[in-house]
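Next comes data-v7.cif, a file with mmCIF, N, CA and C atoms.
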```cif
data_run
#
loop_
_atom_site.group_PDB
_atom_site.id
_atom_site.type_symbol
_atom_site.label_atom_id
_atom_site.label_comp_id
_atom_site.auth_asym_id
_atom_site.auth_seq_id
_atom_site.Cartn_x
_atom_site.Cartn_y
_atom_site.Cartn_z
ATOM 1 N N MET A 1127 15.835 -24.455 16.191
ATOM 2 C CA MET A 1127 15.276 -23.120 16.070
ATOM 3 C C MET A 1127 15.447 -22.397 17.404
ATOM 4 N N GLN A 1128 15.907 -21.158 17.362
ATOM 5 C CA GLN A 1128 16.223 -20.401 18.574
ATOM 6 C C GLN A 1128 15.012 -19.662 19.143
ATOM 7 N N ILE A 1129 13.969 -19.501 18.347
ATOM 8 C CA ILE A 1129 12.815 -18.709 18.766
ATOM 9 C C ILE A 1129 11.718 -19.626 19.275
ATOM 10 N N LYS A 1130 11.085 -19.216 20.376
ATOM 11 C CA LYS A 1130 10.018 -19.998 20.989
ATOM 12 C C LYS A 1130 8.729 -19.188 21.022
ATOM 13 N N LYS A 1131 7.634 -19.858 21.372
ATOM 14 C CA LYS A 1131 6.347 -19.205 21.502
ATOM 15 C C LYS A 1131 6.423 -18.142 22.604
ATOM 16 N N ASN A 1132 5.730 -17.021 22.409
ATOM 17 C CA ASN A 1132 5.666 -15.869 23.314
ATOM 18 C C ASN A 1132 6.933 -15.026 23.355
ATOM 19 N N ASP A 1133 7.923 -15.302 22.500
ATOM 20 C CA ASP A 1133 9.090 -14.425 22.382
ATOM 21 C C ASP A 1133 8.700 -13.182 21.594
ATOM 22 N N ASN A 1134 9.382 -12.085 21.851
ATOM 23 C CA ASN A 1134 9.206 -10.877 21.049
ATOM 24 C C ASN A 1134 10.258 -10.870 19.958
ATOM 25 N N VAL A 1135 9.832 -10.518 18.729
ATOM 26 C CA VAL A 1135 10.741 -10.531 17.590
ATOM 27 C C VAL A 1135 10.621 -9.236 16.797
ATOM 28 N N LEU A 1136 11.666 -8.943 16.032
ATOM 29 C CA LEU A 1136 11.702 -7.803 15.127
ATOM 30 C C LEU A 1136 11.799 -8.340 13.708
ATOM 31 N N VAL A 1137 10.937 -7.854 12.815
ATOM 32 C CA VAL A 1137 10.955 -8.299 11.420
ATOM 33 C C VAL A 1137 12.046 -7.518 10.690
ATOM 34 N N THR A 1138 12.924 -8.236 9.974
ATOM 35 C CA THR A 1138 14.070 -7.599 9.325
ATOM 36 C C THR A 1138 13.896 -7.407 7.827
ATOM 37 N N THR A 1139 12.979 -8.125 7.195
ATOM 38 C CA THR A 1139 12.788 -8.001 5.748
ATOM 39 C C THR A 1139 11.312 -8.015 5.390
ATOM 40 N N GLY A 1140 11.013 -7.581 4.170
ATOM 41 C CA GLY A 1140 9.655 -7.660 3.651
ATOM 42 C C GLY A 1140 8.826 -6.434 3.950
ATOM 43 N N LYS A 1141 7.520 -6.536 3.697
ATOM 44 C CA LYS A 1141 6.634 -5.391 3.841
ATOM 45 C C LYS A 1141 6.414 -4.986 5.302
ATOM 46 N N GLU A 1142 6.687 -5.898 6.239
ATOM 47 C CA GLU A 1142 6.520 -5.612 7.665
ATOM 48 C C GLU A 1142 7.846 -5.234 8.329
ATOM 49 N N LYS A 1143 8.839 -4.868 7.550
ATOM 50 C CA LYS A 1143 10.188 -4.582 8.063
ATOM 51 C C LYS A 1143 10.159 -3.505 9.152
ATOM 52 N N GLY A 1144 10.868 -3.777 10.248
ATOM 53 C CA GLY A 1144 10.963 -2.822 11.338
ATOM 54 C C GLY A 1144 9.887 -2.952 12.395
ATOM 55 N N LYS A 1145 8.905 -3.816 12.181
ATOM 56 C CA LYS A 1145 7.822 -3.974 13.146
ATOM 57 C C LYS A 1145 8.159 -5.065 14.155
ATOM 58 N N ARG A 1146 7.607 -4.901 15.362
ATOM 59 C CA ARG A 1146 7.819 -5.872 16.427
ATOM 60 C C ARG A 1146 6.519 -6.593 16.722
ATOM 61 N N GLY A 1147 6.645 -7.830 17.189
ATOM 62 C CA GLY A 1147 5.457 -8.587 17.543
ATOM 63 C C GLY A 1147 5.803 -9.783 18.397
ATOM 64 N N ARG A 1148 4.748 -10.421 18.929
ATOM 65 C CA ARG A 1148 4.894 -11.594 19.775
ATOM 66 C C ARG A 1148 4.627 -12.845 18.952
ATOM 67 N N VAL A 1149 5.425 -13.880 19.159
ATOM 68 C CA VAL A 1149 5.285 -15.121 18.412
ATOM 69 C C VAL A 1149 4.091 -15.900 18.965
ATOM 70 N N ILE A 1150 3.172 -16.286 18.074
ATOM 71 C CA ILE A 1150 1.987 -17.045 18.454
ATOM 72 C C ILE A 1150 2.256 -18.542 18.351
ATOM 73 N N ALA A 1151 2.890 -18.950 17.255
ATOM 74 C CA ALA A 1151 3.144 -20.374 17.015
ATOM 75 C C ALA A 1151 4.448 -20.542 16.264
ATOM 76 N N VAL A 1152 5.091 -21.697 16.482
ATOM 77 C CA VAL A 1152 6.364 -22.001 15.836
ATOM 78 C C VAL A 1152 6.218 -23.337 15.109
ATOM 79 N N TYR A 1153 6.707 -23.384 13.869
ATOM 80 C CA TYR A 1153 6.690 -24.604 13.060
ATOM 81 C C TYR A 1153 8.121 -24.973 12.701
ATOM 82 N N PRO A 1154 8.838 -25.713 13.581
ATOM 83 C CA PRO A 1154 10.260 -25.990 13.348
ATOM 84 C C PRO A 1154 10.530 -26.817 12.089
ATOM 85 N N ALA A 1155 9.635 -27.718 11.737
ATOM 86 C CA ALA A 1155 9.855 -28.546 10.553
ATOM 87 C C ALA A 1155 9.845 -27.700 9.277
ATOM 88 N N LEU A 1156 9.067 -26.635 9.277
ATOM 89 C CA LEU A 1156 8.973 -25.747 8.119
ATOM 90 C C LEU A 1156 9.882 -24.528 8.249
ATOM 91 N N ASN A 1157 10.503 -24.346 9.418
ATOM 92 C CA ASN A 1157 11.350 -23.191 9.724
ATOM 93 C C ASN A 1157 10.559 -21.890 9.577
ATOM 94 N N ARG A 1158 9.315 -21.903 10.091
ATOM 95 C CA ARG A 1158 8.435 -20.747 9.990
ATOM 96 C C ARG A 1158 7.789 -20.475 11.345
ATOM 97 N N LEU A 1159 7.267 -19.240 11.499
ATOM 98 C CA LEU A 1159 6.582 -18.889 12.729
ATOM 99 C C LEU A 1159 5.514 -17.848 12.472
ATOM 100 N N LEU A 1160 4.489 -17.839 13.335
ATOM 101 C CA LEU A 1160 3.404 -16.874 13.249
ATOM 102 C C LEU A 1160 3.667 -15.746 14.232
ATOM 103 N N VAL A 1161 3.531 -14.513 13.777
ATOM 104 C CA VAL A 1161 3.722 -13.348 14.630
ATOM 105 C C VAL A 1161 2.383 -12.627 14.738
ATOM 106 N N GLU A 1162 2.036 -12.238 15.960
ATOM 107 C CA GLU A 1162 0.745 -11.630 16.249
ATOM 108 C C GLU A 1162 0.537 -10.330 15.475
ATOM 109 N N LYS A 1163 -0.554 -10.256 14.722
ATOM 110 C CA LYS A 1163 -0.986 -9.073 13.967
ATOM 111 C C LYS A 1163 0.014 -8.590 12.922
ATOM 112 N N LEU A 1164 0.881 -9.480 12.428
ATOM 113 C CA LEU A 1164 1.804 -9.134 11.344
ATOM 114 C C LEU A 1164 1.630 -10.137 10.214
ATOM 115 N N ASN A 1165 1.925 -9.695 8.986
ATOM 116 C CA ASN A 1165 1.807 -10.527 7.788
ATOM 117 C C ASN A 1165 0.372 -11.031 7.612
ATOM 118 N N MET A 1166 -0.585 -10.108 7.738
ATOM 119 C CA MET A 1166 -2.001 -10.451 7.647
ATOM 120 C C MET A 1166 -2.389 -10.743 6.194
ATOM 121 N N ILE A 1167 -3.210 -11.789 6.023
ATOM 122 C CA ILE A 1167 -3.744 -12.129 4.716
ATOM 123 C C ILE A 1167 -5.257 -12.197 4.816
ATOM 124 N N LYS A 1168 -5.932 -12.133 3.667
ATOM 125 C CA LYS A 1168 -7.383 -12.214 3.642
ATOM 126 C C LYS A 1168 -7.794 -13.506 2.952
ATOM 127 N N ARG A 1169 -8.716 -14.208 3.575
ATOM 128 C CA ARG A 1169 -9.235 -15.455 3.019
ATOM 129 C C ARG A 1169 -10.741 -15.305 2.824
ATOM 130 N N HIS A 1170 -11.208 -15.680 1.657
ATOM 131 C CA HIS A 1170 -12.637 -15.660 1.384
ATOM 132 C C HIS A 1170 -13.202 -17.014 1.800
ATOM 133 N N THR A 1171 -14.150 -16.999 2.739
ATOM 134 C CA THR A 1171 -14.678 -18.249 3.281
ATOM 135 C C THR A 1171 -16.177 -18.364 3.017
ATOM 136 N N ARG A 1172 -16.605 -19.597 2.882
ATOM 137 C CA ARG A 1172 -18.021 -19.875 2.715
ATOM 138 C C ARG A 1172 -18.650 -20.085 4.082
ATOM 139 N N PRO A 1173 -19.941 -19.881 4.212
ATOM 140 C CA PRO A 1173 -20.595 -20.159 5.494
ATOM 141 C C PRO A 1173 -20.502 -21.649 5.829
ATOM 142 N N ASN A 1174 -20.262 -21.958 7.104
ATOM 143 C CA ASN A 1174 -20.221 -23.352 7.564
ATOM 144 C C ASN A 1174 -20.696 -23.395 9.010
ATOM 145 N N GLN A 1175 -20.514 -24.531 9.692
ATOM 146 C CA GLN A 1175 -21.012 -24.680 11.055
ATOM 147 C C GLN A 1175 -20.337 -23.700 12.025
ATOM 148 N N GLN A 1176 -19.022 -23.468 11.858
ATOM 149 C CA GLN A 1176 -18.321 -22.549 12.764
ATOM 150 C C GLN A 1176 -18.637 -21.086 12.426
ATOM 151 N N LEU A 1177 -18.571 -20.748 11.151
ATOM 152 C CA LEU A 1177 -18.862 -19.387 10.703
ATOM 153 C C LEU A 1177 -20.217 -19.390 10.012
ATOM 154 N N LYS A 1178 -21.250 -18.932 10.738
ATOM 155 C CA LYS A 1178 -22.596 -18.932 10.165
ATOM 156 C C LYS A 1178 -22.680 -18.005 8.961
ATOM 157 N N GLN A 1179 -21.927 -16.898 9.028
ATOM 158 C CA GLN A 1179 -21.908 -15.962 7.916
ATOM 159 C C GLN A 1179 -20.530 -16.030 7.266
ATOM 160 N N GLY A 1180 -20.493 -16.259 5.973
ATOM 161 C CA GLY A 1180 -19.227 -16.288 5.251
ATOM 162 C C GLY A 1180 -18.703 -14.886 5.049
ATOM 163 N N GLY A 1181 -17.615 -14.770 4.304
ATOM 164 C CA GLY A 1181 -17.089 -13.452 4.021
ATOM 165 C C GLY A 1181 -15.581 -13.466 3.999
ATOM 166 N N ILE A 1182 -15.004 -12.304 4.174
ATOM 167 C CA ILE A 1182 -13.556 -12.167 4.127
ATOM 168 C C ILE A 1182 -13.024 -12.211 5.557
ATOM 169 N N VAL A 1183 -12.124 -13.154 5.812
ATOM 170 C CA VAL A 1183 -11.535 -13.329 7.137
ATOM 171 C C VAL A 1183 -10.057 -12.957 7.062
ATOM 172 N N GLU A 1184 -9.611 -12.109 7.978
ATOM 173 C CA GLU A 1184 -8.187 -11.745 8.038
ATOM 174 C C GLU A 1184 -7.507 -12.615 9.083
ATOM 175 N N LYS A 1185 -6.342 -13.149 8.729
ATOM 176 C CA LYS A 1185 -5.577 -13.945 9.684
ATOM 177 C C LYS A 1185 -4.091 -13.799 9.391
ATOM 178 N N GLU A 1186 -3.263 -14.236 10.357
ATOM 179 C CA GLU A 1186 -1.819 -14.149 10.202
ATOM 180 C C GLU A 1186 -1.324 -15.260 9.287
ATOM 181 N N SER A 1187 -0.261 -14.947 8.564
ATOM 182 C CA SER A 1187 0.406 -15.930 7.724
ATOM 183 C C SER A 1187 1.812 -16.143 8.275
ATOM 184 N N PRO A 1188 2.365 -17.351 8.163
ATOM 185 C CA PRO A 1188 3.691 -17.602 8.758
ATOM 186 C C PRO A 1188 4.821 -16.860 8.060
ATOM 187 N N PHE A 1189 5.795 -16.421 8.862
ATOM 188 C CA PHE A 1189 7.044 -15.829 8.402
ATOM 189 C C PHE A 1189 8.096 -16.913 8.326
ATOM 190 N N SER A 1190 9.097 -16.724 7.510
ATOM 191 C CA SER A 1190 10.283 -17.557 7.597
ATOM 192 C C SER A 1190 11.064 -17.102 8.823
ATOM 193 N N ALA A 1191 11.634 -18.038 9.560
ATOM 194 C CA ALA A 1191 12.365 -17.710 10.788
ATOM 195 C C ALA A 1191 13.610 -16.877 10.487
ATOM 196 N N SER A 1192 14.115 -16.948 9.266
ATOM 197 C CA SER A 1192 15.303 -16.165 8.910
ATOM 198 C C SER A 1192 14.990 -14.686 8.724
ATOM 199 N N ASN A 1193 13.706 -14.329 8.635
ATOM 200 C CA ASN A 1193 13.314 -12.938 8.412
ATOM 201 C C ASN A 1193 13.034 -12.172 9.699
ATOM 202 N N VAL A 1194 13.260 -12.805 10.851
ATOM 203 C CA VAL A 1194 13.032 -12.131 12.123
ATOM 204 C C VAL A 1194 14.251 -12.271 13.022
ATOM 205 N N ARG A 1195 14.401 -11.312 13.963
ATOM 206 C CA ARG A 1195 15.465 -11.369 14.969
ATOM 207 C C ARG A 1195 14.803 -11.354 16.333
ATOM 208 N N LEU A 1196 15.325 -12.149 17.232
ATOM 209 C CA LEU A 1196 14.819 -12.222 18.582
ATOM 210 C C LEU A 1196 15.175 -10.948 19.342
ATOM 211 N N ILE A 1197 14.245 -10.434 20.146
ATOM 212 C CA ILE A 1197 14.498 -9.251 20.963
ATOM 213 C C ILE A 1197 14.765 -9.704 22.389
ATOM 214 N N CYS A 1198 15.897 -9.290 22.938
ATOM 215 C CA CYS A 1198 16.279 -9.654 24.298
ATOM 216 C C CYS A 1198 15.352 -8.950 25.289
ATOM 217 N N PRO A 1199 14.758 -9.670 26.246
ATOM 218 C CA PRO A 1199 13.879 -9.019 27.213
ATOM 219 C C PRO A 1199 14.623 -8.112 28.193
ATOM 220 N N LYS A 1200 15.917 -8.344 28.380
ATOM 221 C CA LYS A 1200 16.691 -7.530 29.335
ATOM 222 C C LYS A 1200 17.144 -6.205 28.709
ATOM 223 N N CYS A 1201 17.830 -6.282 27.543
ATOM 224 C CA CYS A 1201 18.381 -5.060 26.942
ATOM 225 C C CYS A 1201 17.465 -4.457 25.876
ATOM 226 N N ASP A 1202 16.370 -5.161 25.501
ATOM 227 C CA ASP A 1202 15.370 -4.683 24.555
ATOM 228 C C ASP A 1202 15.971 -4.346 23.187
ATOM 229 N N LYS A 1203 16.968 -5.135 22.754
ATOM 230 C CA LYS A 1203 17.589 -4.961 21.445
ATOM 231 C C LYS A 1203 17.478 -6.257 20.649
ATOM 232 N N PRO A 1204 17.410 -6.152 19.297
ATOM 233 C CA PRO A 1204 17.458 -7.367 18.487
ATOM 234 C C PRO A 1204 18.823 -8.022 18.654
ATOM 235 N N THR A 1205 18.835 -9.336 18.778
ATOM 236 C CA THR A 1205 20.080 -10.005 19.104
ATOM 237 C C THR A 1205 20.181 -11.373 18.461
ATOM 238 N N SER A 1206 21.395 -11.871 18.410
ATOM 239 C CA SER A 1206 21.643 -13.263 18.082
ATOM 240 C C SER A 1206 21.614 -14.035 19.385
ATOM 241 N N VAL A 1207 21.458 -15.333 19.280
ATOM 242 C CA VAL A 1207 21.331 -16.159 20.474
ATOM 243 C C VAL A 1207 22.447 -17.187 20.504
ATOM 244 N N ALA A 1208 23.052 -17.334 21.664
ATOM 245 C CA ALA A 1208 24.043 -18.387 21.880
ATOM 246 C C ALA A 1208 23.426 -19.414 22.818
ATOM 247 N N ARG A 1209 23.913 -20.632 22.762
ATOM 248 C CA ARG A 1209 23.473 -21.681 23.685
ATOM 249 C C ARG A 1209 24.570 -21.898 24.706
ATOM 250 N N GLN A 1210 24.184 -21.945 25.978
ATOM 251 C CA GLN A 1210 25.165 -22.126 27.031
ATOM 252 C C GLN A 1210 24.644 -23.176 27.997
ATOM 253 N N ALA A 1211 25.513 -24.121 28.368
ATOM 254 C CA ALA A 1211 25.124 -25.179 29.293
ATOM 255 C C ALA A 1211 25.180 -24.664 30.722
ATOM 256 N N SER A 1212 24.154 -24.992 31.507
ATOM 257 C CA SER A 1212 24.138 -24.596 32.907
ATOM 258 C C SER A 1212 24.781 -25.687 33.760
ATOM 259 N N ASP A 1213 24.811 -25.467 35.067
ATOM 260 C CA ASP A 1213 25.429 -26.425 35.981
ATOM 261 C C ASP A 1213 24.691 -27.767 36.002
ATOM 262 N N GLU A 1214 23.363 -27.737 35.845
ATOM 263 C CA GLU A 1214 22.570 -28.974 35.868
ATOM 264 C C GLU A 1214 22.621 -29.719 34.543
ATOM 265 N N GLY A 1215 23.283 -29.152 33.548
ATOM 266 C CA GLY A 1215 23.373 -29.800 32.240
ATOM 267 C C GLY A 1215 22.328 -29.323 31.257
ATOM 268 N N LYS A 1216 21.455 -28.397 31.658
ATOM 269 C CA LYS A 1216 20.449 -27.861 30.748
ATOM 270 C C LYS A 1216 21.064 -26.743 29.926
ATOM 271 N N ARG A 1217 20.606 -26.628 28.693
ATOM 272 C CA ARG A 1217 21.092 -25.558 27.828
ATOM 273 C C ARG A 1217 20.154 -24.367 27.940
ATOM 274 N N ALA A 1218 20.711 -23.179 27.979
ATOM 275 C CA ALA A 1218 19.916 -21.960 28.070
ATOM 276 C C ALA A 1218 20.290 -21.035 26.924
ATOM 277 N N ARG A 1219 19.330 -20.200 26.522
ATOM 278 C CA ARG A 1219 19.600 -19.205 25.492
ATOM 279 C C ARG A 1219 20.231 -17.982 26.147
ATOM 280 N N VAL A 1220 21.280 -17.451 25.518
ATOM 281 C CA VAL A 1220 22.001 -16.311 26.063
ATOM 282 C C VAL A 1220 22.067 -15.220 25.001
ATOM 283 N N CYS A 1221 21.767 -13.986 25.413
ATOM 284 C CA CYS A 1221 21.836 -12.830 24.529
ATOM 285 C C CYS A 1221 23.295 -12.517 24.223
ATOM 286 N N LYS A 1222 23.618 -12.292 22.961
ATOM 287 C CA LYS A 1222 25.011 -11.989 22.592
ATOM 288 C C LYS A 1222 25.345 -10.518 22.826
ATOM 289 N N ASN A 1223 24.337 -9.654 23.072
ATOM 290 C CA ASN A 1223 24.617 -8.255 23.369
ATOM 291 C C ASN A 1223 24.976 -8.054 24.836
ATOM 292 N N CYS A 1224 24.111 -8.565 25.735
ATOM 293 C CA CYS A 1224 24.289 -8.274 27.163
ATOM 294 C C CYS A 1224 24.707 -9.500 27.972
ATOM 295 N N ASN A 1225 24.845 -10.661 27.327
ATOM 296 C CA ASN A 1225 25.242 -11.918 27.976
ATOM 297 C C ASN A 1225 24.311 -12.339 29.114
ATOM 298 N N GLU A 1226 23.030 -11.967 29.035
ATOM 299 C CA GLU A 1226 22.039 -12.372 30.024
ATOM 300 C C GLU A 1226 21.264 -13.577 29.504
ATOM 301 N N THR A 1227 20.876 -14.442 30.422
ATOM 302 C CA THR A 1227 20.093 -15.626 30.056
ATOM 303 C C THR A 1227 18.661 -15.215 29.760
ATOM 304 N N MET A 1228 18.102 -15.776 28.671
ATOM 305 C CA MET A 1228 16.721 -15.500 28.294
ATOM 306 C C MET A 1228 15.861 -16.650 28.784
ATOM 307 N N GLY A 1229 14.642 -16.326 29.231
ATOM 308 C CA GLY A 1229 13.742 -17.327 29.776
ATOM 309 C C GLY A 1229 13.127 -18.232 28.783
#
```
As C-alpha cells, how would this structure be written, given the file I've shared?
Amino acid sequence: MQIKKNDNVLVTTGKEKGKRGRVIAVYPALNRLLVEKLNMIKRHTRPNQQLKQGGIVEKESPFSASNVRLICPKCDKPTSVARQASDEGKRARVCKNCNETMG
C-alpha cells in the first residue's frame, strides 16, 4: 500500500468525491483506510462504562484505498507514487508529477 498515516489524500469516487482529508489509520490487510471527517456514519449505542449516556455517535468509516489519490506535499496535486531506491538501499516514495521524494 502506497498511502501511510498522516498523508493527505483526495477522494476520487463516491459521495465524498473531490474532498481532501488526512489519513487517520491504514488497514493494509483489508486495503482500506480511515480519512479524518470523511465518510461519516451514525451508530446507535447503548449506555456503558465509557459512554454514560447512550445515543447516536458519529464516526468515520473506512474507504477502499482504490477510491483515494495521494496528494504530493511539494506540488499539492493528486499523484501516483513510484518507489525509488536510495543510496543506502532504502526505498522512498516519489511523486510522478514533480519527481520529488515524499516523506
- Message: For A:Lys1130, find every residue with an atom within 7 Å (counting all atoms listed in the file), except residues of its own chain fewer than 5 positions away, and show them as a list in words.
- Response: Val1149, Ile1150, Ala1151 and Val1152 of chain A
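Atom CA of A:Ile1197 to atom CA of A:Arg1148 spans 10.0 Å [interatomic distance, one decimal].
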- Explicit residue set for the PyMOL selection byres ((chain A and resi 1207-1209) around 6), as an MDAnalysis selection string: chainID A and resid 1205:1206 1210:1211 1217:1222
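Every residue that the PyMOL selection byres (((chain A and resi 1134 and name CA) around 10) and name CA) selects in this file is listed here: Ile1129, Lys1130, Lys1131, Asn1132, Asp1133, Val1135, Leu1136, Arg1146, Gly1147, Arg1148, Val1149, Ile1150, Val1161, Glu1162, Val1194, Arg1195, Leu1196, Ile1197, Cys1198, Pro1199, Asp1202 and Pro1204 of chain A.
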- Message: If DSSP is run on the backbone, what residues of chain A are strand (DSSP E or B)? A reply as an MDAnalysis selection string would be ideal.
- Response: chainID A and resid 1134:1137 1146:1153 1158:1161 1166:1171 1181:1186 1189:1190 1194:1197 1204:1205 1207:1211 1217:1221 1227:1228
With N, CA and C atoms kept, could you save the residues just selected as a short mmCIF file (atom, residue, chain, number, x, y, z; two decimals), in the frame of the given file?
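Okay, part07.cif is ready:
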```
data_model
loop_
_atom_site.label_atom_id
_atom_site.label_comp_id
_atom_site.auth_asym_id
_atom_site.auth_seq_id
_atom_site.Cartn_x
_atom_site.Cartn_y
_atom_site.Cartn_z
N ASN A 1134 9.38 -12.08 21.85
CA ASN A 1134 9.21 -10.88 21.05
C ASN A 1134 10.26 -10.87 19.96
N VAL A 1135 9.83 -10.52 18.73
CA VAL A 1135 10.74 -10.53 17.59
C VAL A 1135 10.62 -9.24 16.80
N LEU A 1136 11.67 -8.94 16.03
CA LEU A 1136 11.70 -7.80 15.13
C LEU A 1136 11.80 -8.34 13.71
N VAL A 1137 10.94 -7.85 12.82
CA VAL A 1137 10.96 -8.30 11.42
C VAL A 1137 12.05 -7.52 10.69
N ARG A 1146 7.61 -4.90 15.36
CA ARG A 1146 7.82 -5.87 16.43
C ARG A 1146 6.52 -6.59 16.72
N GLY A 1147 6.64 -7.83 17.19
CA GLY A 1147 5.46 -8.59 17.54
C GLY A 1147 5.80 -9.78 18.40
N ARG A 1148 4.75 -10.42 18.93
CA ARG A 1148 4.89 -11.59 19.77
C ARG A 1148 4.63 -12.84 18.95
N VAL A 1149 5.42 -13.88 19.16
CA VAL A 1149 5.28 -15.12 18.41
C VAL A 1149 4.09 -15.90 18.96
N ILE A 1150 3.17 -16.29 18.07
CA ILE A 1150 1.99 -17.05 18.45
C ILE A 1150 2.26 -18.54 18.35
N ALA A 1151 2.89 -18.95 17.26
CA ALA A 1151 3.14 -20.37 17.02
C ALA A 1151 4.45 -20.54 16.26
N VAL A 1152 5.09 -21.70 16.48
CA VAL A 1152 6.36 -22.00 15.84
C VAL A 1152 6.22 -23.34 15.11
N TYR A 1153 6.71 -23.38 13.87
CA TYR A 1153 6.69 -24.60 13.06
C TYR A 1153 8.12 -24.97 12.70
N ARG A 1158 9.32 -21.90 10.09
CA ARG A 1158 8.44 -20.75 9.99
C ARG A 1158 7.79 -20.48 11.34
N LEU A 1159 7.27 -19.24 11.50
CA LEU A 1159 6.58 -18.89 12.73
C LEU A 1159 5.51 -17.85 12.47
N LEU A 1160 4.49 -17.84 13.34
CA LEU A 1160 3.40 -16.87 13.25
C LEU A 1160 3.67 -15.75 14.23
N VAL A 1161 3.53 -14.51 13.78
CA VAL A 1161 3.72 -13.35 14.63
C VAL A 1161 2.38 -12.63 14.74
N MET A 1166 -0.58 -10.11 7.74
CA MET A 1166 -2.00 -10.45 7.65
C MET A 1166 -2.39 -10.74 6.19
N ILE A 1167 -3.21 -11.79 6.02
CA ILE A 1167 -3.74 -12.13 4.72
C ILE A 1167 -5.26 -12.20 4.82
N LYS A 1168 -5.93 -12.13 3.67
CA LYS A 1168 -7.38 -12.21 3.64
C LYS A 1168 -7.79 -13.51 2.95
N ARG A 1169 -8.72 -14.21 3.58
CA ARG A 1169 -9.24 -15.46 3.02
C ARG A 1169 -10.74 -15.30 2.82
N HIS A 1170 -11.21 -15.68 1.66
CA HIS A 1170 -12.64 -15.66 1.38
C HIS A 1170 -13.20 -17.01 1.80
N THR A 1171 -14.15 -17.00 2.74
CA THR A 1171 -14.68 -18.25 3.28
C THR A 1171 -16.18 -18.36 3.02
N GLY A 1181 -17.61 -14.77 4.30
CA GLY A 1181 -17.09 -13.45 4.02
C GLY A 1181 -15.58 -13.47 4.00
N ILE A 1182 -15.00 -12.30 4.17
CA ILE A 1182 -13.56 -12.17 4.13
C ILE A 1182 -13.02 -12.21 5.56
N VAL A 1183 -12.12 -13.15 5.81
CA VAL A 1183 -11.54 -13.33 7.14
C VAL A 1183 -10.06 -12.96 7.06
N GLU A 1184 -9.61 -12.11 7.98
CA GLU A 1184 -8.19 -11.74 8.04
C GLU A 1184 -7.51 -12.62 9.08
N LYS A 1185 -6.34 -13.15 8.73
CA LYS A 1185 -5.58 -13.94 9.68
C LYS A 1185 -4.09 -13.80 9.39
N GLU A 1186 -3.26 -14.24 10.36
CA GLU A 1186 -1.82 -14.15 10.20
C GLU A 1186 -1.32 -15.26 9.29
N PHE A 1189 5.80 -16.42 8.86
CA PHE A 1189 7.04 -15.83 8.40
C PHE A 1189 8.10 -16.91 8.33
N SER A 1190 9.10 -16.72 7.51
CA SER A 1190 10.28 -17.56 7.60
C SER A 1190 11.06 -17.10 8.82
N VAL A 1194 13.26 -12.80 10.85
CA VAL A 1194 13.03 -12.13 12.12
C VAL A 1194 14.25 -12.27 13.02
N ARG A 1195 14.40 -11.31 13.96
CA ARG A 1195 15.46 -11.37 14.97
C ARG A 1195 14.80 -11.35 16.33
N LEU A 1196 15.32 -12.15 17.23
CA LEU A 1196 14.82 -12.22 18.58
C LEU A 1196 15.18 -10.95 19.34
N ILE A 1197 14.24 -10.43 20.15
CA ILE A 1197 14.50 -9.25 20.96
C ILE A 1197 14.76 -9.70 22.39
N PRO A 1204 17.41 -6.15 19.30
CA PRO A 1204 17.46 -7.37 18.49
C PRO A 1204 18.82 -8.02 18.65
N THR A 1205 18.84 -9.34 18.78
CA THR A 1205 20.08 -10.01 19.10
C THR A 1205 20.18 -11.37 18.46
N VAL A 1207 21.46 -15.33 19.28
CA VAL A 1207 21.33 -16.16 20.47
C VAL A 1207 22.45 -17.19 20.50
N ALA A 1208 23.05 -17.33 21.66
CA ALA A 1208 24.04 -18.39 21.88
C ALA A 1208 23.43 -19.41 22.82
N ARG A 1209 23.91 -20.63 22.76
CA ARG A 1209 23.47 -21.68 23.68
C ARG A 1209 24.57 -21.90 24.71
N GLN A 1210 24.18 -21.94 25.98
CA GLN A 1210 25.16 -22.13 27.03
C GLN A 1210 24.64 -23.18 28.00
N ALA A 1211 25.51 -24.12 28.37
CA ALA A 1211 25.12 -25.18 29.29
C ALA A 1211 25.18 -24.66 30.72
N ARG A 1217 20.61 -26.63 28.69
CA ARG A 1217 21.09 -25.56 27.83
C ARG A 1217 20.15 -24.37 27.94
N ALA A 1218 20.71 -23.18 27.98
CA ALA A 1218 19.92 -21.96 28.07
C ALA A 1218 20.29 -21.04 26.92
N ARG A 1219 19.33 -20.20 26.52
CA ARG A 1219 19.60 -19.20 25.49
C ARG A 1219 20.23 -17.98 26.15
N VAL A 1220 21.28 -17.45 25.52
CA VAL A 1220 22.00 -16.31 26.06
C VAL A 1220 22.07 -15.22 25.00
N CYS A 1221 21.77 -13.99 25.41
CA CYS A 1221 21.84 -12.83 24.53
C CYS A 1221 23.30 -12.52 24.22
N THR A 1227 20.88 -14.44 30.42
CA THR A 1227 20.09 -15.63 30.06
C THR A 1227 18.66 -15.22 29.76
N MET A 1228 18.10 -15.78 28.67
CA MET A 1228 16.72 -15.50 28.29
C MET A 1228 15.86 -16.65 28.78
#
```
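With only N, CA and C atoms as the basis for measurement, A:Ser1187 is the residue among A:Gln1179, A:Thr1227, A:Ser1187, A:Thr1138 that approaches A:Met1166 most closely.
Interatomic distance, atom CA of A:Lys1200 to atom CA of A:Gln1128: 16.8 Å.
With the shown file loaded, the PyMOL selection byres ((chain A and resi 1165) around 6) picks out Lys1163, Leu1164, Met1166, Ile1167, Lys1185, Glu1186 and Ser1187 of chain A.
Rounded to one decimal, atom CA of A:Leu1160 and atom N of A:Gly1180 lie 25.0 Å from each other.
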